[in-house]
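Data file: query.txt. Format and content: compact mmCIF, C-alpha atoms.
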```txt
# COMPACT_ATOMS: atom_id res chain seq x y z
CA MET A 1 26.48 61.17 -10.37
CA THR A 2 30.21 60.53 -10.70
CA LEU A 3 32.23 58.87 -7.96
CA PHE A 4 35.91 57.96 -7.58
CA GLN A 5 37.21 60.66 -9.90
CA GLY A 6 39.53 62.31 -7.36
CA THR A 7 43.30 62.01 -7.18
CA LEU A 8 43.41 60.14 -3.85
CA VAL A 9 44.96 56.96 -5.22
CA ASP A 10 46.95 58.40 -8.13
CA THR A 11 50.70 57.97 -7.70
CA GLN A 12 51.71 59.91 -10.85
CA GLU A 13 50.52 63.19 -12.33
CA HIS A 14 49.32 61.67 -15.60
CA HIS A 15 47.09 59.08 -13.93
CA GLY A 16 44.09 61.40 -13.86
CA MET A 17 44.17 61.86 -17.62
CA LEU A 18 44.88 58.15 -18.13
CA ARG A 19 41.82 57.25 -16.05
CA GLU A 20 39.66 59.66 -17.97
CA ASN A 21 40.73 58.33 -21.36
CA VAL A 22 40.36 54.65 -20.43
CA ALA A 23 37.02 55.24 -18.74
CA LYS A 24 35.72 57.08 -21.79
CA LEU A 25 36.83 54.29 -24.13
CA ALA A 26 35.60 51.36 -22.01
CA GLY A 27 32.44 53.27 -21.08
CA SER A 28 31.54 53.55 -24.75
CA PHE A 29 31.10 49.76 -24.62
CA GLY A 30 29.80 49.42 -21.06
CA ARG A 31 28.23 46.74 -18.92
CA SER A 32 25.50 45.66 -21.34
CA TYR A 33 28.07 45.05 -24.09
CA PHE A 34 30.08 42.84 -21.77
CA GLN A 35 27.00 40.96 -20.56
CA GLU A 36 25.87 40.32 -24.12
CA ALA A 37 29.29 38.97 -25.06
CA VAL A 38 29.21 36.55 -22.13
CA LYS A 39 25.64 35.48 -22.88
CA ALA A 40 26.45 34.84 -26.54
CA ASN A 41 29.64 32.96 -25.59
CA ARG A 42 31.76 35.28 -27.69
CA LYS A 43 34.87 37.27 -26.90
CA PRO A 44 34.77 41.06 -26.36
CA THR A 45 37.07 41.49 -29.35
CA GLU A 46 35.90 44.99 -30.17
CA LEU A 47 36.78 46.28 -26.70
CA TRP A 48 40.12 44.45 -26.70
CA ASP A 49 41.00 45.90 -30.11
CA ALA A 50 40.00 49.39 -29.00
CA LEU A 51 42.22 49.12 -25.92
CA ALA A 52 45.04 47.92 -28.15
CA GLU A 53 44.57 50.76 -30.62
CA GLY A 54 44.64 53.22 -27.72
CA GLY A 55 48.00 51.84 -26.61
CA PHE A 56 46.62 50.70 -23.27
CA LEU A 57 47.51 47.00 -23.42
CA GLY A 58 51.25 47.63 -23.46
CA VAL A 59 51.77 50.59 -21.14
CA HIS A 60 53.92 48.40 -18.91
CA VAL A 61 56.13 47.19 -21.78
CA SER A 62 59.29 49.15 -22.55
CA GLU A 63 59.32 51.52 -25.51
CA GLU A 64 62.15 49.49 -27.05
CA PHE A 65 59.61 46.71 -27.69
CA GLY A 66 56.71 48.89 -28.77
CA GLY A 67 55.15 49.52 -25.37
CA GLY A 68 54.34 52.68 -23.48
CA GLY A 69 57.44 52.57 -21.32
CA GLY A 70 55.45 52.95 -18.11
CA GLY A 71 55.03 50.37 -15.42
CA LEU A 72 52.60 48.47 -13.25
CA ALA A 73 51.28 51.70 -11.74
CA ASP A 74 49.94 52.73 -15.15
CA TYR A 75 48.64 49.24 -15.92
CA ASN A 76 46.80 49.12 -12.57
CA VAL A 77 44.90 52.26 -13.56
CA ILE A 78 43.88 50.71 -16.88
CA VAL A 79 42.72 47.36 -15.45
CA GLU A 80 40.69 49.10 -12.74
CA GLU A 81 39.09 51.62 -15.08
CA VAL A 82 37.99 48.96 -17.58
CA ALA A 83 36.41 46.92 -14.77
CA ALA A 84 34.80 50.06 -13.34
CA GLN A 85 32.87 50.40 -16.59
CA GLY A 86 31.37 46.94 -16.00
CA CYS A 87 33.92 45.04 -18.11
CA PRO A 88 36.15 42.91 -15.85
CA ILE A 89 38.57 41.38 -18.38
CA LEU A 90 40.58 38.56 -16.84
CA SER A 91 42.91 38.52 -19.84
CA LEU A 92 44.28 41.87 -18.68
CA VAL A 93 45.50 40.11 -15.54
CA ILE A 94 47.26 37.50 -17.68
CA GLY A 95 48.97 40.39 -19.48
CA SER A 96 50.36 41.54 -16.15
CA ILE A 97 52.07 38.16 -15.66
CA CYS A 98 53.60 37.21 -18.97
CA ALA A 99 54.97 40.50 -20.26
CA PRO A 100 57.04 41.33 -17.14
CA ILE A 101 58.45 37.80 -16.93
CA ILE A 102 59.54 37.94 -20.55
CA GLN A 103 60.85 41.49 -20.33
CA GLN A 104 62.93 40.80 -17.21
CA HIS A 105 64.17 37.27 -17.85
CA ALA A 106 63.73 36.03 -21.43
CA SER A 107 66.30 35.91 -24.19
CA GLU A 108 66.54 38.79 -26.64
CA GLU A 109 65.04 36.48 -29.26
CA ILE A 110 61.94 35.78 -27.17
CA LYS A 111 61.58 39.44 -26.21
CA ARG A 112 61.57 40.53 -29.83
CA GLU A 113 59.22 37.72 -30.84
CA TRP A 114 56.60 38.36 -28.16
CA LEU A 115 56.75 41.77 -26.49
CA PRO A 116 55.74 43.92 -29.49
CA GLY A 117 52.71 41.69 -30.12
CA LEU A 118 51.72 41.67 -26.44
CA ALA A 119 52.05 45.46 -26.40
CA ASP A 120 49.87 46.10 -29.46
CA GLY A 121 47.38 43.31 -28.78
CA SER A 122 48.19 41.29 -31.87
CA LYS A 123 49.54 38.39 -29.79
CA ARG A 124 48.26 36.71 -26.66
CA LEU A 125 49.83 34.37 -24.12
CA ALA A 126 48.12 32.13 -21.57
CA PHE A 127 49.78 31.16 -18.29
CA ALA A 128 49.78 27.59 -16.95
CA ILE A 129 50.97 27.02 -13.39
CA THR A 130 48.12 25.42 -11.39
CA GLU A 131 47.85 21.64 -11.17
CA PRO A 132 45.22 19.32 -9.67
CA ASP A 133 47.54 17.95 -6.97
CA ALA A 134 49.90 20.88 -6.39
CA GLY A 135 47.49 23.65 -5.45
CA THR A 136 49.28 26.60 -3.89
CA ASN A 137 52.49 24.62 -3.42
CA THR A 138 54.22 25.37 -6.70
CA HIS A 139 57.21 23.25 -5.67
CA LYS A 140 54.96 20.19 -6.02
CA VAL A 141 54.13 20.63 -9.69
CA THR A 142 54.52 17.34 -11.51
CA THR A 143 54.50 18.63 -15.08
CA THR A 144 58.00 17.68 -16.19
CA ALA A 145 60.33 19.02 -18.85
CA ARG A 146 63.11 16.63 -19.78
CA ARG A 147 65.90 17.24 -22.22
CA VAL A 148 65.71 15.34 -25.51
CA GLY A 149 68.41 16.13 -28.05
CA ASP A 150 68.54 19.89 -28.59
CA GLY A 151 65.12 20.52 -27.09
CA TRP A 152 62.66 19.50 -24.42
CA ARG A 153 59.67 17.23 -23.99
CA ILE A 154 56.95 18.34 -21.60
CA SER A 155 54.51 15.94 -19.94
CA GLY A 156 51.88 16.56 -17.30
CA THR A 157 48.57 18.26 -16.54
CA LYS A 158 47.59 21.85 -15.78
CA TYR A 159 44.20 23.20 -14.93
CA TRP A 160 42.39 26.50 -14.42
CA THR A 161 44.37 27.87 -17.34
CA SER A 162 42.49 30.84 -18.79
CA ALA A 163 41.97 31.93 -22.39
CA VAL A 164 44.04 29.23 -24.11
CA ASP A 165 41.58 29.42 -27.00
CA GLU A 166 42.47 33.09 -27.46
CA SER A 167 46.24 32.68 -27.18
CA GLU A 168 48.95 31.77 -29.65
CA ALA A 169 51.06 30.15 -26.93
CA ILE A 170 51.21 29.32 -23.22
CA VAL A 171 53.85 30.12 -20.63
CA VAL A 172 54.19 26.78 -18.85
CA VAL A 173 55.75 26.15 -15.44
CA ALA A 174 57.45 22.75 -15.36
CA ARG A 175 60.01 20.99 -13.18
CA GLY A 176 63.19 19.48 -14.47
CA THR A 177 64.73 16.16 -13.59
CA GLU A 178 67.46 17.84 -11.53
CA LYS A 179 66.68 18.24 -7.81
CA ASP A 180 67.44 21.16 -5.53
CA ASP A 181 69.04 20.80 -2.10
CA ARG A 182 65.62 19.97 -0.59
CA GLY A 183 64.90 17.19 -3.06
CA ARG A 184 62.45 19.20 -5.16
CA GLY A 185 62.51 19.41 -8.93
CA LYS A 186 63.93 22.74 -10.07
CA LEU A 187 61.39 24.80 -12.01
CA SER A 188 61.79 26.28 -15.47
CA LEU A 189 59.47 28.32 -17.70
CA PHE A 190 58.70 27.49 -21.32
CA ILE A 191 56.71 29.01 -24.16
CA VAL A 192 54.58 26.28 -25.73
CA PRO A 193 52.44 26.90 -28.85
CA SER A 194 48.75 26.40 -28.13
CA ASP A 195 48.45 24.06 -31.10
CA ALA A 196 51.57 22.01 -30.35
CA PRO A 197 51.27 18.29 -31.17
CA GLY A 198 50.58 16.32 -28.00
CA LEU A 199 48.82 19.23 -26.26
CA SER A 200 45.10 18.81 -25.69
CA ARG A 201 42.58 20.75 -23.62
CA THR A 202 39.19 20.33 -21.99
CA PRO A 203 36.98 23.29 -20.99
CA ILE A 204 36.01 23.61 -17.31
CA GLU A 205 32.41 24.59 -16.66
CA THR A 206 32.35 27.40 -14.10
CA ALA A 207 29.96 29.87 -12.52
CA LEU A 208 32.11 32.77 -13.72
CA GLN A 209 30.23 35.21 -15.94
CA VAL A 210 33.26 36.20 -18.01
CA PRO A 211 34.26 35.68 -21.65
CA GLU A 212 37.44 33.78 -20.83
CA THR A 213 37.16 29.99 -20.82
CA GLN A 214 39.05 27.96 -18.23
CA PHE A 215 40.80 24.79 -19.37
CA THR A 216 42.43 21.62 -18.15
CA LEU A 217 45.54 21.03 -20.28
CA PHE A 218 47.18 17.69 -21.03
CA PHE A 219 50.82 17.63 -22.17
CA ASP A 220 51.73 14.29 -23.75
CA ASP A 221 55.42 14.49 -24.66
CA VAL A 222 54.99 17.95 -26.16
CA GLU A 223 58.21 18.85 -27.94
CA VAL A 224 59.63 22.36 -27.76
CA PRO A 225 62.99 23.62 -29.05
CA ALA A 226 65.89 24.65 -26.83
CA ASN A 227 65.11 28.33 -27.31
CA ALA A 228 61.60 27.93 -25.87
CA ILE A 229 62.90 28.27 -22.33
CA ILE A 230 62.44 31.62 -20.57
CA GLY A 231 65.52 32.68 -18.66
CA GLN A 232 67.77 30.19 -16.94
CA GLU A 233 67.05 26.50 -16.54
CA GLY A 234 66.12 25.70 -12.96
CA GLN A 235 65.54 29.35 -12.03
CA GLY A 236 61.84 29.38 -12.80
CA MET A 237 60.71 30.08 -9.26
CA ARG A 238 62.83 33.22 -9.12
CA HIS A 239 61.65 34.29 -12.58
CA LEU A 240 58.01 33.73 -11.63
CA PHE A 241 57.88 36.56 -9.14
CA ALA A 242 58.42 39.08 -11.91
CA GLY A 243 54.84 38.16 -12.88
CA LEU A 244 53.15 36.86 -9.74
CA ASN A 245 53.28 40.12 -7.79
CA PRO A 246 51.82 42.06 -10.75
CA GLU A 247 49.16 39.35 -11.00
CA ARG A 248 48.12 40.02 -7.42
CA VAL A 249 48.02 43.77 -8.06
CA CYS A 250 45.91 43.38 -11.19
CA ALA A 251 43.55 40.89 -9.56
CA ALA A 252 43.05 43.58 -6.91
CA ALA A 253 42.52 46.16 -9.67
CA ILE A 254 39.75 44.03 -11.21
CA ASN A 255 37.98 43.85 -7.85
CA ASN A 256 38.49 47.54 -7.13
CA GLY A 257 36.88 48.30 -10.47
CA ILE A 258 33.96 45.98 -9.77
CA ALA A 259 33.49 47.64 -6.38
CA ARG A 260 33.50 51.08 -7.96
CA TYR A 261 30.92 50.01 -10.52
CA ALA A 262 28.70 48.53 -7.82
CA LEU A 263 28.86 51.55 -5.51
CA GLN A 264 28.29 53.96 -8.38
CA LYS A 265 25.13 52.07 -9.32
CA ALA A 266 23.99 51.80 -5.70
CA ALA A 267 24.51 55.48 -4.91
CA GLN A 268 22.57 56.52 -8.00
CA TYR A 269 19.75 54.08 -7.27
CA ALA A 270 19.54 55.16 -3.62
CA THR A 271 19.28 58.78 -4.76
CA ASP A 272 16.64 58.17 -7.43
CA ARG A 273 14.51 55.51 -5.74
CA LYS A 274 11.79 56.96 -3.50
CA VAL A 275 9.66 55.12 -0.99
CA TRP A 276 7.18 57.10 1.12
CA ASP A 277 8.20 60.27 -0.72
CA VAL A 278 11.90 60.31 0.25
CA PRO A 279 14.94 58.80 -1.46
CA ILE A 280 15.92 55.51 0.16
CA GLY A 281 19.46 56.89 0.48
CA ALA A 282 18.16 59.32 3.10
CA HIS A 283 17.82 56.40 5.50
CA GLN A 284 20.91 55.44 7.47
CA GLY A 285 20.02 51.77 7.10
CA VAL A 286 20.86 52.21 3.41
CA SER A 287 23.46 54.98 3.50
CA HIS A 288 25.70 53.72 6.30
CA PRO A 289 26.45 50.28 4.79
CA LEU A 290 27.29 51.95 1.49
CA ALA A 291 29.50 54.53 3.18
CA LYS A 292 31.31 51.79 5.08
CA ALA A 293 31.85 49.85 1.85
CA TYR A 294 33.13 53.02 0.17
CA ALA A 295 35.75 53.51 2.88
CA ALA A 296 36.95 49.92 2.52
CA VAL A 297 37.15 50.21 -1.26
CA GLN A 298 39.18 53.41 -1.09
CA GLN A 299 41.58 51.75 1.36
CA ALA A 300 41.98 48.77 -0.98
CA ARG A 301 42.61 51.09 -3.93
CA LEU A 302 45.27 52.96 -1.97
CA MET A 303 47.06 49.73 -1.08
CA THR A 304 46.85 48.52 -4.67
CA ALA A 305 48.27 51.74 -6.09
CA ARG A 306 51.07 51.70 -3.53
CA ALA A 307 51.87 48.04 -4.28
CA ALA A 308 52.15 48.85 -7.99
CA GLU A 309 54.40 51.80 -7.25
CA LEU A 310 56.67 49.70 -5.02
CA TYR A 311 56.91 47.04 -7.72
CA ASP A 312 57.98 49.62 -10.29
CA GLN A 313 60.63 50.86 -7.86
CA GLY A 314 62.00 47.33 -7.41
CA SER A 315 61.28 47.52 -3.70
CA PRO A 316 61.57 44.33 -1.62
CA GLU A 317 58.34 45.42 0.08
CA ALA A 318 56.36 45.02 -3.16
CA GLY A 319 55.47 41.40 -2.43
CA GLU A 320 53.97 42.15 0.97
CA ALA A 321 52.04 45.12 -0.44
CA ALA A 322 50.75 43.14 -3.43
CA ASN A 323 49.46 40.38 -1.18
CA MET A 324 47.75 42.85 1.16
CA ALA A 325 46.22 44.68 -1.80
CA LYS A 326 44.66 41.53 -3.22
CA PHE A 327 43.42 40.49 0.23
CA ALA A 328 41.85 43.89 0.91
CA ALA A 329 40.34 44.32 -2.55
CA ALA A 330 38.66 40.91 -2.53
CA ASP A 331 36.95 41.57 0.79
CA ALA A 332 36.07 45.18 0.00
CA SER A 333 34.60 44.39 -3.40
CA LEU A 334 32.37 41.64 -2.05
CA GLU A 335 31.07 43.94 0.67
CA ALA A 336 30.45 46.71 -1.86
CA LEU A 337 28.74 44.37 -4.31
CA ASP A 338 26.59 42.80 -1.60
CA GLN A 339 25.44 46.19 -0.33
CA ALA A 340 24.77 47.40 -3.87
CA ILE A 341 22.60 44.35 -4.53
CA GLN A 342 20.79 44.87 -1.20
CA THR A 343 20.20 48.54 -2.00
CA HIS A 344 18.49 47.56 -5.24
CA GLY A 345 16.16 45.14 -3.46
CA GLY A 346 14.71 42.60 -5.85
CA ASN A 347 16.18 44.52 -8.77
CA GLY A 348 19.61 43.56 -7.49
CA MET A 349 18.99 40.06 -8.84
CA ALA A 350 17.82 41.29 -12.24
CA LEU A 351 20.52 40.97 -14.86
CA GLU A 352 19.54 44.27 -16.44
CA TYR A 353 20.99 46.06 -13.41
CA GLY A 354 24.35 44.40 -14.00
CA LEU A 355 25.23 43.49 -10.42
CA ALA A 356 24.36 39.90 -9.52
CA ASP A 357 26.34 38.39 -12.38
CA LEU A 358 29.50 40.12 -11.10
CA TRP A 359 29.41 38.10 -7.89
CA PHE A 360 31.49 35.10 -8.87
CA ILE A 361 34.25 37.03 -10.60
CA ALA A 362 34.59 39.15 -7.46
CA ARG A 363 34.47 36.04 -5.27
CA LEU A 364 37.13 34.34 -7.41
CA HIS A 365 39.84 36.61 -6.07
CA LYS A 366 39.38 35.48 -2.49
CA THR A 367 40.70 32.15 -3.76
CA ALA A 368 42.91 33.03 -6.72
CA PRO A 369 45.56 33.84 -7.78
CA VAL A 370 46.59 33.02 -4.22
CA SER A 371 44.15 32.12 -1.45
CA ARG A 372 43.43 34.46 1.42
CA GLU A 373 44.71 31.76 3.78
CA MET A 374 48.13 31.68 2.10
CA ILE A 375 48.28 35.46 2.21
CA LEU A 376 47.63 35.33 5.94
CA ASN A 377 50.30 32.63 6.29
CA PHE A 378 52.75 34.88 4.45
CA LEU A 379 51.96 37.94 6.54
CA ALA A 380 52.04 36.00 9.80
CA GLN A 381 55.47 34.55 9.04
CA HIS A 382 57.23 37.31 7.13
CA SER A 383 55.57 40.45 8.47
CA LEU A 384 54.85 39.46 12.06
CA GLY A 385 57.75 37.04 12.54
CA LEU A 386 55.51 34.21 13.70
CA PRO A 387 56.50 30.55 13.28
CA LYS A 388 55.74 29.03 9.89
CA SER A 389 52.32 27.39 10.02
CA TYR A 390 52.28 25.28 6.86
```

Translate this structure into structure tokens?
Amino acid sequence: MTLFQGTLVDTQEHHGMLRENVAKLAGSFGRSYFQEAVKANRKPTELWDALAEGGFLGVHVSEEFGGGGGGLADYNVIVEEVAAQGCPILSLVIGSICAPIIQQHASEEIKREWLPGLADGSKRLAFAITEPDAGTNTHKVTTTARRVGDGWRISGTKYWTSAVDESEAIVVVARGTEKDDRGRGKLSLFIVPSDAPGLSRTPIETALQVPETQFTLFFDDVEVPANAIIGQEGQGMRHLFAGLNPERVCAAAINNGIARYALQKAAQYATDRKVWDVPIGAHQGVSHPLAKAYAAVQQARLMTARAAELYDQGSPEAGEAANMAKFAAADASLEALDQAIQTHGGNGMALEYGLADLWFIARLHKTAPVSREMILNFLAQHSLGLPKSY
């Protein structure tokens, strides 16, 4: 049984072939490979390298820097297809943040240093924005970059920073000493080597069944040179949105892929499993919840594909669409996963069926990279014209 192979959500002619190729590659590894990597506390290096060799990691990077010359619409297909094979790789979401920020705003020197490696998988970047006391309010970050001689010194704390142990450097969001007209420190972005003197890290224990480790980072007067800054000093908030909207799209893509995997498994199980001589899928108590979940997943996929397309077009509506896509995909994937687990009965809790251990990664995206409450705040204010509520 093969589901979700139609062209409903494809926004470009080549997306069907792209899906097929990525699905074939990632499917050759599959859910059990990913589970075993997580259980053994090792990285899925073989899958990452295969995606790199196939040219899939850099489809959204320009050809000038060794990428595929496509855009977020292509990358959305890849992230979703890999997750749909039971391999939700959070590092692919990080790739959707850092590469666009660098490509759109960094110096030529930084572009040439980082983009080819990001495109071919030979280099990795982590992304550090979240802080213990700032939460969603990025303007309240306290990590500070102050000028010292020809460079900068960065001090502060970040947490929930993924995959630092797999990355050569970290894109760090820090405020300067100069204030804006509202008394807030102006933000800038810096590339900081992961092994920089004065930078230490502590792993965060989580319920996430993924290979990426989450870290709390401590910056104790970490020195970086003048050319470590991305873009213009004090313009970090504007630069960030080159990466934050793609992050929302790719978080949605992860969840859409998880939902597809779950419904595929559930539909097959409901067809094969017989109780009292008929498949359990013949009963509306089983089939209707799955059909309802399928409709919601397809709607979320449509919104995600459209958000990616709008981003590639430079549309001002891309932000609204990206937020709605992440909101819809988080809810739809949890419904699909819950119904798939229920369809399997007790087997839904058995790890060999590959469903229950997807729960927390799907649930993560109701909270991150932006909470559902902040998405609703955004839509209420900017889409509906309601008074600001926060």

Starting from the point (17.8, 46.9, -3.3), work out which residues of protein, DNA or RNA have an atom no more than 10 Å away when counting all atoms listed in the file; state them as a PDB file with C-alpha atoms, in the coordinates of the input.
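Output file part_3.pdb is given in full below:
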```pdb
ATOM      1  CA  ALA A 266      23.990  51.800  -5.700  1.00  0.00           C
ATOM      2  CA  TYR A 269      19.750  54.080  -7.270  1.00  0.00           C
ATOM      3  CA  ALA A 270      19.540  55.160  -3.620  1.00  0.00           C
ATOM      4  CA  ARG A 273      14.510  55.510  -5.740  1.00  0.00           C
ATOM      5  CA  ILE A 280      15.920  55.510   0.160  1.00  0.00           C
ATOM      6  CA  VAL A 286      20.860  52.210   3.410  1.00  0.00           C
ATOM      7  CA  ASP A 338      26.590  42.800  -1.600  1.00  0.00           C
ATOM      8  CA  GLN A 339      25.440  46.190  -0.330  1.00  0.00           C
ATOM      9  CA  ALA A 340      24.770  47.400  -3.870  1.00  0.00           C
ATOM     10  CA  ILE A 341      22.600  44.350  -4.530  1.00  0.00           C
ATOM     11  CA  GLN A 342      20.790  44.870  -1.200  1.00  0.00           C
ATOM     12  CA  THR A 343      20.200  48.540  -2.000  1.00  0.00           C
ATOM     13  CA  HIS A 344      18.490  47.560  -5.240  1.00  0.00           C
ATOM     14  CA  GLY A 345      16.160  45.140  -3.460  1.00  0.00           C
ATOM     15  CA  GLY A 346      14.710  42.600  -5.850  1.00  0.00           C
ATOM     16  CA  ASN A 347      16.180  44.520  -8.770  1.00  0.00           C
ATOM     17  CA  GLY A 348      19.610  43.560  -7.490  1.00  0.00           C
ATOM     18  CA  MET A 349      18.990  40.060  -8.840  1.00  0.00           C
TER      19      MET A 349
END
```

Next item on the list: Tell me, as a list in words, which residues lie within 9 Å of stretch 131-135 of chain A, counting all atoms listed in the file; anything in the same chain fewer than 6 positions away does not count.
Entry: Val141, Thr142, Thr143, Gly156, Thr157, Lys158, Tyr159, Trp160 and Thr216 of chain A

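Here atom CA of A:Asp74 stands at a distance of 22.7 Å from atom CA of A:Ile361.
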
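Checking A:Ala336, A:Ala259, A:Ala174, A:Ala40 one by one against A:Lys292, counting all atoms listed in the file, you find the shortest gap at A:Ala336.
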
Item checked: Shell around A:Ile94 at 8 Å using all atoms listed in the file, local window under 2 positions removed, as a list in words -> Leu90, Ser91, Leu92, Ser96, Ile97, Cys98, Leu125, Ala126, Phe127 and Glu247 of chain A

Note to self: Please list as a count of residues only every residue within 10 Å of A:Tyr311, counting all atoms listed in the file and excluding residues in the same chain fewer than 6 positions away.
What the structure shows: 13

Next item on the list: Using all atoms listed in the file, find all polymer residues with an atom at most 9 Å away from the point (59.6, 21.3, -17.2); report them as a PyMOL selection string.
Entry: chain A and resi 142-146+152-155+172-177+185-190+234

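Between atom CA of A:Glu223 and atom CA of A:Asn137 the interatomic distance comes to 25.8 Å.
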
Next item on the list: Calculate how many Å separate atom CA of A:Ala119 from atom CA of A:Glu166, rounding to one decimal.
Entry: 15.7 Å
